[in-house]
$ cat entry20.pdb   # PDB, C-alpha atoms
ATOM      1  CA  MET A 412     220.354 165.748 157.888
ATOM      2  CA  ASP A 413     222.001 166.070 161.274
ATOM      3  CA  VAL A 414     220.324 164.099 164.093
ATOM      4  CA  SER A 415     220.414 167.118 166.434
ATOM      5  CA  ASP A 416     218.450 169.237 163.907
ATOM      6  CA  VAL A 417     215.820 166.510 163.523
ATOM      7  CA  ARG A 418     215.624 166.125 167.308
ATOM      8  CA  LYS A 419     215.076 169.899 167.750
ATOM      9  CA  GLN A 420     212.273 169.894 165.193
ATOM     10  CA  VAL A 421     210.607 166.839 166.749
ATOM     11  CA  LEU A 422     210.764 168.400 170.223
ATOM     12  CA  ALA A 423     209.439 171.723 168.903
ATOM     13  CA  THR A 424     206.558 169.875 167.238
ATOM     14  CA  ILE A 425     205.737 168.048 170.461
ATOM     15  CA  GLU A 426     205.697 171.306 172.436
ATOM     16  CA  ARG A 427     203.589 173.073 169.813
ATOM     17  CA  ALA A 428     201.086 170.185 169.749
ATOM     18  CA  LYS A 429     200.778 170.236 173.551
ATOM     19  CA  ARG A 430     200.279 173.999 173.614
ATOM     20  CA  LEU A 431     197.650 173.858 170.868
ATOM     21  CA  ASP A 432     195.851 171.043 172.686
ATOM     22  CA  VAL A 433     195.712 173.069 175.901
ATOM     23  CA  GLU A 434     194.325 176.049 173.971
ATOM     24  CA  ARG A 435     191.756 173.863 172.188
ATOM     25  CA  ARG A 436     190.607 172.342 175.481
ATOM     26  CA  ALA A 437     190.242 175.806 177.011
ATOM     27  CA  ARG A 438     188.077 176.918 174.059
ATOM     28  CA  SER A 439     186.003 173.739 174.358
ATOM     29  CA  ASP A 440     185.508 174.271 178.088
ATOM     30  CA  GLU A 441     184.411 177.858 177.501
ATOM     31  CA  ALA A 442     181.988 176.763 174.783
ATOM     32  CA  ALA A 443     180.594 174.039 177.051
ATOM     33  CA  ARG A 444     179.846 176.744 179.636
ATOM     34  CA  ASP A 445     178.354 179.173 177.085
ATOM     35  CA  PHE A 446     176.212 176.686 175.153
ATOM     36  CA  PRO A 447     173.561 175.985 177.851
ATOM     37  CA  VAL A 448     173.092 179.741 178.287
ATOM     38  CA  PHE A 449     172.738 180.153 174.514
ATOM     39  CA  LEU A 450     170.150 177.364 174.450
ATOM     40  CA  GLU A 451     168.167 178.807 177.344
ATOM     41  CA  ARG A 452     168.171 182.419 176.191
ATOM     42  CA  VAL A 453     168.205 182.192 172.395
ATOM     43  CA  ALA A 454     167.685 178.838 170.719
ATOM     44  CA  VAL A 455     164.962 177.141 172.787
ATOM     45  CA  PRO A 456     162.645 180.186 172.967
ATOM     46  CA  LEU A 457     163.052 180.747 169.235
ATOM     47  CA  PHE A 458     162.403 177.088 168.398
ATOM     48  CA  ARG A 459     159.279 177.212 170.626
ATOM     49  CA  GLN A 460     157.989 180.278 168.789
ATOM     50  CA  VAL A 461     158.527 178.588 165.439
ATOM     51  CA  ALA A 462     156.746 175.420 166.625
ATOM     52  CA  GLN A 463     153.762 177.420 167.916
ATOM     53  CA  ILE A 464     153.438 179.324 164.652
ATOM     54  CA  LEU A 465     153.708 176.109 162.637
ATOM     55  CA  LYS A 466     151.005 174.440 164.765
ATOM     56  CA  ALA A 467     148.756 177.461 164.319
ATOM     57  CA  HIS A 468     149.048 176.891 160.557
ATOM     58  CA  ASN A 469     148.409 173.125 160.720
ATOM     59  CA  TYR A 470     152.024 171.945 160.595
ATOM     60  CA  ALA A 471     152.525 169.568 163.494
ATOM     61  CA  PHE A 472     155.980 170.078 165.020
ATOM     62  CA  SER A 473     157.195 169.601 168.578
ATOM     63  CA  ILE A 474     160.234 170.795 170.489
ATOM     64  CA  PHE A 475     162.603 168.484 172.320
ATOM     65  CA  THR A 476     165.377 169.753 174.536
ATOM     66  CA  PRO A 477     167.905 167.064 175.297
ATOM     67  CA  SER A 478     170.716 168.309 177.519
ATOM     68  CA  ASN A 479     173.028 168.872 174.570
ATOM     69  CA  GLY A 480     170.765 170.727 172.148
ATOM     70  CA  VAL A 481     167.326 171.604 170.880
ATOM     71  CA  ARG A 482     165.268 169.808 168.230
ATOM     72  CA  LEU A 483     162.253 170.854 166.175
ATOM     73  CA  MET A 484     160.706 167.578 165.029
ATOM     74  CA  SER A 485     157.748 166.769 162.847
ATOM     75  CA  ASP A 486     154.950 164.970 164.680
ATOM     76  CA  ARG A 487     154.348 162.931 161.522
ATOM     77  CA  SER A 488     157.826 161.426 161.229
ATOM     78  CA  SER A 489     160.699 161.210 163.670
ATOM     79  CA  ASP A 490     163.013 161.250 160.623
ATOM     80  CA  ASP A 491     162.073 164.890 159.950
ATOM     81  CA  PHE A 492     163.811 167.331 162.257
ATOM     82  CA  ILE A 493     166.007 170.390 162.612
ATOM     83  CA  GLU A 494     168.349 170.565 165.580
ATOM     84  CA  LEU A 495     171.180 172.556 167.067
ATOM     85  CA  SER A 496     174.061 171.074 169.024
ATOM     86  CA  LEU A 497     177.586 171.933 170.070
ATOM     87  CA  ASP A 498     180.473 170.391 168.149
ATOM     88  CA  THR A 499     183.783 170.516 170.001
ATOM     89  CA  ARG A 500     185.677 168.069 167.774
ATOM     90  CA  GLY A 501     187.351 170.677 165.590
ATOM     91  CA  GLU A 502     189.936 173.317 166.281
ATOM     92  CA  ARG A 503     187.219 175.734 167.370
ATOM     93  CA  PRO A 504     183.911 174.717 168.970
ATOM     94  CA  VAL A 505     180.893 175.601 166.834
ATOM     95  CA  VAL A 506     177.137 175.431 167.062
ATOM     96  CA  VAL A 507     176.043 173.021 164.369
ATOM     97  CA  GLY A 508     172.676 172.812 162.692
ATOM     98  CA  HIS A 509     171.703 169.271 161.777
ATOM     99  CA  VAL A 510     168.758 168.534 159.492
ATOM    100  CA  THR A 511     167.273 165.145 158.669
ATOM    101  CA  ARG A 512     164.434 164.565 156.215
ATOM    102  CA  GLY A 513     162.851 161.322 155.227
ATOM    103  CA  ARG A 514     161.978 160.958 151.540
ATOM    104  CA  GLY A 515     160.421 157.569 150.978
ATOM    105  CA  ARG A 516     163.051 155.058 151.952
ATOM    106  CA  ARG A 517     165.860 157.587 151.773
ATOM    107  CA  ILE A 518     167.034 159.721 154.659
ATOM    108  CA  LEU A 519     168.598 163.031 153.639
ATOM    109  CA  GLU A 520     170.940 164.588 156.185
ATOM    110  CA  SER A 521     172.889 167.799 156.254
ATOM    111  CA  GLU A 522     174.990 169.612 158.800
ATOM    112  CA  ARG A 523     176.480 173.063 158.860
ATOM    113  CA  PRO A 524     177.847 175.530 161.381
ATOM    114  CA  ILE A 525     175.599 178.349 162.529
ATOM    115  CA  GLY A 526     177.195 181.770 162.473
ATOM    116  CA  SER A 527     180.880 182.328 162.083
ATOM    117  CA  GLY A 528     182.204 183.068 165.530
ATOM    118  CA  ALA A 529     181.992 182.206 169.179
ATOM    119  CA  ILE A 530     178.758 181.099 170.780
ATOM    120  CA  SER A 531     178.494 184.417 172.594
ATOM    121  CA  GLU A 532     178.373 186.135 169.190
ATOM    122  CA  LEU A 533     175.425 184.103 167.873
ATOM    123  CA  THR A 534     172.189 186.044 167.643
ATOM    124  CA  GLU A 535     168.528 185.191 167.311
ATOM    125  CA  ASP A 536     168.797 186.369 163.700
ATOM    126  CA  ASP A 537     171.530 183.807 162.973
ATOM    127  CA  VAL A 538     169.424 180.991 164.424
ATOM    128  CA  LEU A 539     166.224 182.178 162.762
ATOM    129  CA  ALA A 540     167.903 182.446 159.352
ATOM    130  CA  PHE A 541     169.154 178.873 159.671
ATOM    131  CA  VAL A 542     165.776 177.507 160.797
ATOM    132  CA  MET A 543     163.835 179.350 158.083
ATOM    133  CA  LYS A 544     166.131 178.108 155.326
ATOM    134  CA  GLU A 545     166.018 174.517 156.538
ATOM    135  CA  LEU A 546     162.275 174.603 157.248
ATOM    136  CA  GLU A 547     161.346 175.255 153.602
ATOM    137  CA  PRO A 548     161.349 171.596 152.456
ATOM    138  CA  PHE A 549     159.187 170.579 155.427
ATOM    139  CA  VAL A 550     156.431 173.101 154.680
ATOM    140  CA  GLU A 551     156.455 173.113 150.865
ATOM    141  CA  ARG A 552     154.264 170.029 150.559
TER     142      ARG A 552
END

$ encode --input "entry20.pdb" --output "structure tokens"
Amino acid sequence: MDVSDVRKQVLATIERAKRLDVERRARSDEAARDFPVFLERVAVPLFRQVAQILKAHNYAFSIFTPSNGVRLMSDRSSDDFIELSLDTRGERPVVVGHVTRGRGRRILESERPIGSGAISELTEDDVLAFVMKELEPFVER
């Protein structure tokens, strides 16, 4: 292959990578601005409601709100929790639900994105559906 053709492709790849990186950083910056608003208006109030209802039915759970997310944690074991956080590592930033459950000596963990679009498109229904599905193993016993 001719050196000039290879050089053109290498330079085009470099330019494309730089452009994509700038776009990714812009999306990450936007998500970093939107996520605290989402927490304040949607996720934290919903998690508080769930915790209050659980306590009213003798399931001891508390809410923790570190600066980068919200966590619904069992008062019986710090290994048992459901949390939401922002993941900006991928091509598109996503709100991720992380669940950890202790079963004897084993710790079971799972993670999955919440919703399918931008943070501004996430609704209370999306968050509630995630929490209800992941809450089942904690309340079945």

$ residues_around --input "entry20.pdb" --residues "Thr499 in chain A" --least-positions-apart "6" --cutoff "10 Å" --atoms "only C-alpha atoms" --output "number ranges by chain"
A: 435-436, 438-440, 442-443, 505-507

$ axis_aligned_box --input "entry20.pdb" --around "range 490-504 of chain A" --padding-each-side "3 Å" --output "lines of an AutoDock Vina configuration file"
center_x = 176.0
center_y = 168.5
center_z = 165.0
size_x = 33.9
size_y = 20.5
size_z = 16.1

$ resolve_selection --input "entry20.pdb" --expression "the PyMOL selection byres ((chain A and resi 456-469) around 9)" --output "list in words"
Leu450, Glu451, Arg452, Val453, Ala454, Val455, Tyr470, Ala471, Phe472, Ser473, Ile474, Val481, Arg482, Leu483, Met484, Glu535, Val538, Leu539, Val542 and Val550 of chain A

$ closest_residue --input "entry20.pdb" --among "A:Val510, A:Asn479, A:Asp490, A:Ser527" --to "Arg444 in chain A" --atoms "all atoms listed in the file"
A:Asn479

$ residues_around --input "entry20.pdb" --residues "Phe549 in chain A" --least-positions-apart "5" --cutoff "9 Å" --atoms "all atoms listed in the file" --output "PDB file with C-alpha atoms, in the frame of the given file"
ATOM      1  CA  TYR A 470     152.024 171.945 160.595  1.00  0.00           C
ATOM      2  CA  SER A 485     157.748 166.769 162.847  1.00  0.00           C
ATOM      3  CA  ASP A 491     162.073 164.890 159.950  1.00  0.00           C
ATOM      4  CA  PHE A 492     163.811 167.331 162.257  1.00  0.00           C
ATOM      5  CA  ARG A 512     164.434 164.565 156.215  1.00  0.00           C
TER       6      ARG A 512
END

$ atom_distance --input "entry20.pdb" --atom1 "CA of Val414 in chain A" --atom2 "CA of Lys429 in chain A"
22.6 Å

$ atom_distance --input "entry20.pdb" --atom1 "CA of Ala423 in chain A" --atom2 "CA of Glu441 in chain A"
27.2 Å

$ closest_residue --input "entry20.pdb" --among "A:Glu502, A:Ser531, A:Leu495, A:Pro548" --to "Leu519 in chain A" --atoms "all atoms listed in the file"
A:Pro548

$ atom_distance --input "entry20.pdb" --atom1 "CA of Glu520 in chain A" --atom2 "CA of Pro504 in chain A"
20.8 Å

$ closest_residue --input "entry20.pdb" --among "A:Ala437, A:Arg516, A:Glu545, A:Leu533" --to "Glu494 in chain A" --atoms "all atoms listed in the file"
A:Glu545

$ closest_residue --input "entry20.pdb" --among "A:Ser489, A:Ala529, A:Pro447, A:Phe541" --to "Gly513 in chain A" --atoms "all atoms listed in the file"
A:Ser489

$ closest_residue --input "entry20.pdb" --among "A:Ile530, A:Lys419, A:Phe475, A:His509" --to "Val448 in chain A" --atoms "only C-alpha atoms"
A:Ile530
